[in-house]
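Asks: Starting off with a structure, shown below.
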Amino acid sequence: MKKFKYRLETLLKVKEDIEKQKQRDLAATTQKVMQQKNELRKITDQNSLALDEKRNKSKDKILVSEMLIYSRYFMKLKRENVAGLELLRALNKTQEEKRLALLEASKAKKIYEELKERDLEKFNMEIKKILQKESDEIGLNVFRLKKNQANEKPLPNK
């Protein structure tokens, strides 16, 4: 009996490979987003630490030069934070684009998988028909054989 062979199997494999590549791309972008969020958290933590340090020093006497240093440091952190937020927005946009690309690749693969399932069902129905025909032929041959044996007259015994 012949085996099932999907005629578009190669194309299905290509679609699966494309989907896997899109998954890897999305994972890499998601990792970049997480790294950027961590960087922003670090900047916020540095800002909080520096602010606490400045408050502690301001309880005592603080020099104008130290105030300028803190001011410049806070401006630097603010610039880094703004730049980091812009980068995060861009990364989020890229992540969404990659997610949509993955969704499209998954849909394309799903189409070929459904076609494969339909072809397999069709193949199985054909096999059932063939097996049923064979079974019917065997049954008919057995019936004819029994009928022929019943119609034959037994030879008289001497």
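Ordering of the structure tokens sets the chain letters (A, B, ...); residue numbers start at 1 within each chain; ligands are numbered from 1 in the order shown.
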So that I can see what lies close to Thr94 of chain A, please list as an MDAnalysis selection string the residues with an atom at most 9 Å from it, counting only C-alpha atoms and leaving out residues fewer than 5 positions away in the same chain.
Replies: chainID A and resid 26 29 89 99
Asks: May I have the selected residues written with C-alpha atoms, as a compact mmCIF listing (two decimals), in the first residue's frame?
Replies:
```txt
# COMPACT_ATOMS: atom_id res chain seq x y z
CA LEU A 26 11.48 38.59 18.15
CA THR A 29 14.46 42.23 20.12
CA ARG A 89 10.34 53.55 22.35
CA ARG A 99 5.73 40.33 16.57
```
Asks: Please provide as a ChimeraX atom specification all residues within 10 Å of Ala101 of chain A, with the sequence filter that same-chain residues fewer than 2 positions apart are discarded (counting only C-alpha atoms).
Replies: /A:19,22-23,25-26,95-99,103-107
Asks: Restricting it to all heavy atoms, dump the selection as a compact mmCIF listing (two decimals), in the first residue's frame.
Replies:
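File selection_15.txt, as written:
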```txt
# COMPACT_ATOMS: atom_id res chain seq x y z
N GLU A 19 9.24 30.83 10.09
CA GLU A 19 8.61 31.12 11.37
C GLU A 19 9.62 31.04 12.52
O GLU A 19 9.64 31.91 13.41
CB GLU A 19 7.46 30.15 11.63
CG GLU A 19 6.73 30.44 12.93
CD GLU A 19 5.70 29.41 13.30
OE1 GLU A 19 5.91 28.21 12.98
OE2 GLU A 19 4.70 29.77 13.92
N LYS A 22 11.75 34.10 12.52
CA LYS A 22 10.99 35.26 13.05
C LYS A 22 10.89 35.16 14.57
O LYS A 22 10.96 36.18 15.26
CB LYS A 22 9.59 35.31 12.44
CG LYS A 22 9.53 35.43 10.94
CD LYS A 22 9.83 36.81 10.47
CE LYS A 22 9.69 36.86 8.95
NZ LYS A 22 10.19 38.07 8.38
N GLN A 23 10.77 33.95 15.09
CA GLN A 23 10.74 33.78 16.55
C GLN A 23 12.07 34.19 17.17
O GLN A 23 12.10 34.86 18.21
CB GLN A 23 10.45 32.32 16.91
CG GLN A 23 9.02 31.90 16.68
CD GLN A 23 8.80 30.41 16.90
OE1 GLN A 23 9.74 29.61 16.92
NE2 GLN A 23 7.54 30.02 17.05
N ASP A 25 14.20 36.33 15.87
CA ASP A 25 14.30 37.78 15.74
C ASP A 25 13.51 38.48 16.85
O ASP A 25 14.00 39.43 17.46
CB ASP A 25 13.76 38.25 14.38
CG ASP A 25 14.64 37.82 13.22
OD1 ASP A 25 15.79 37.38 13.47
OD2 ASP A 25 14.18 37.91 12.06
N LEU A 26 12.31 37.99 17.10
CA LEU A 26 11.48 38.59 18.15
C LEU A 26 12.13 38.40 19.52
O LEU A 26 12.14 39.33 20.34
CB LEU A 26 10.07 37.98 18.14
CG LEU A 26 9.12 38.50 19.22
CD1 LEU A 26 8.90 39.99 19.08
CD2 LEU A 26 7.80 37.75 19.17
N GLN A 95 9.98 45.81 18.24
CA GLN A 95 9.45 44.57 18.82
C GLN A 95 8.05 44.29 18.29
O GLN A 95 7.72 43.15 17.94
CB GLN A 95 9.45 44.67 20.35
CG GLN A 95 8.97 43.41 21.03
CD GLN A 95 8.91 43.57 22.54
OE1 GLN A 95 8.72 44.67 23.06
NE2 GLN A 95 9.05 42.46 23.24
N GLU A 96 7.23 45.32 18.21
CA GLU A 96 5.86 45.15 17.70
C GLU A 96 5.88 44.73 16.23
O GLU A 96 5.11 43.86 15.81
CB GLU A 96 5.07 46.45 17.88
CG GLU A 96 3.63 46.35 17.47
CD GLU A 96 2.80 45.34 18.25
OE1 GLU A 96 3.19 44.95 19.37
OE2 GLU A 96 1.75 44.93 17.73
N GLU A 97 6.79 45.33 15.45
CA GLU A 97 6.92 44.95 14.04
C GLU A 97 7.35 43.49 13.91
O GLU A 97 6.82 42.75 13.07
CB GLU A 97 7.93 45.85 13.34
CG GLU A 97 7.45 47.27 13.16
CD GLU A 97 8.55 48.21 12.70
OE1 GLU A 97 9.72 47.78 12.56
OE2 GLU A 97 8.25 49.41 12.50
N LYS A 98 8.28 43.07 14.75
CA LYS A 98 8.75 41.67 14.71
C LYS A 98 7.63 40.73 15.13
O LYS A 98 7.48 39.64 14.58
CB LYS A 98 9.96 41.48 15.63
CG LYS A 98 11.15 42.34 15.32
CD LYS A 98 11.98 41.76 14.25
CE LYS A 98 13.22 42.64 14.07
NZ LYS A 98 14.06 42.18 13.03
N ARG A 99 6.84 41.15 16.11
CA ARG A 99 5.73 40.33 16.57
C ARG A 99 4.70 40.15 15.45
O ARG A 99 4.21 39.04 15.21
CB ARG A 99 5.06 40.96 17.79
CG ARG A 99 4.04 40.05 18.48
CD ARG A 99 3.30 40.77 19.58
NE ARG A 99 2.46 41.84 19.08
CZ ARG A 99 1.27 41.65 18.48
NH1 ARG A 99 0.82 40.43 18.27
NH2 ARG A 99 0.57 42.67 18.06
N LEU A 103 3.56 36.78 13.50
CA LEU A 103 2.15 36.41 13.37
C LEU A 103 1.82 36.07 11.91
O LEU A 103 1.15 35.06 11.64
CB LEU A 103 1.28 37.56 13.86
CG LEU A 103 -0.21 37.31 13.95
CD1 LEU A 103 -0.50 36.18 14.95
CD2 LEU A 103 -0.93 38.57 14.37
N GLU A 104 2.32 36.87 10.98
CA GLU A 104 2.09 36.61 9.56
C GLU A 104 2.75 35.29 9.13
O GLU A 104 2.17 34.51 8.38
CB GLU A 104 2.62 37.77 8.70
CG GLU A 104 1.80 39.03 8.81
CD GLU A 104 0.37 38.85 8.35
OE1 GLU A 104 0.15 38.21 7.30
OE2 GLU A 104 -0.54 39.34 9.04
N ALA A 105 3.96 35.06 9.60
CA ALA A 105 4.66 33.81 9.26
C ALA A 105 3.91 32.61 9.82
O ALA A 105 3.81 31.57 9.16
CB ALA A 105 6.09 33.85 9.79
N SER A 106 3.37 32.74 11.02
CA SER A 106 2.60 31.65 11.63
C SER A 106 1.34 31.37 10.83
O SER A 106 0.97 30.22 10.63
CB SER A 106 2.24 31.98 13.07
OG SER A 106 3.38 32.07 13.86
N LYS A 107 0.68 32.43 10.38
CA LYS A 107 -0.53 32.25 9.56
C LYS A 107 -0.20 31.54 8.25
O LYS A 107 -0.93 30.64 7.83
CB LYS A 107 -1.17 33.61 9.26
CG LYS A 107 -1.91 34.21 10.42
CD LYS A 107 -2.50 35.56 10.03
CE LYS A 107 -3.17 36.24 11.20
NZ LYS A 107 -3.70 37.56 10.81
```
Asks: Tell me, as an NGL selection string, which residues lie within 9 Å of segment 84-86 of chain A, counting only C-alpha atoms; anything in the same chain fewer than 2 positions away does not count.
Replies: :A and (36-37 or 39-40 or 79-82 or 88-91)
Asks: Closest to Phe4 of chain A among A:Lys116, A:Lys110, A:Lys146, A:Arg55, using only C-alpha atoms?
Replies: A:Lys116
Asks: Using only C-alpha atoms, pick whichever of A:Tyr70, A:Tyr112, A:Phe143, A:Phe123 has the shortest atom-to-atom distance to Lys3 of chain A.
Replies: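 Ranking A:Tyr70, A:Tyr112, A:Phe143, A:Phe123 by distance to Lys3 of chain A, first place goes to A:Phe123.
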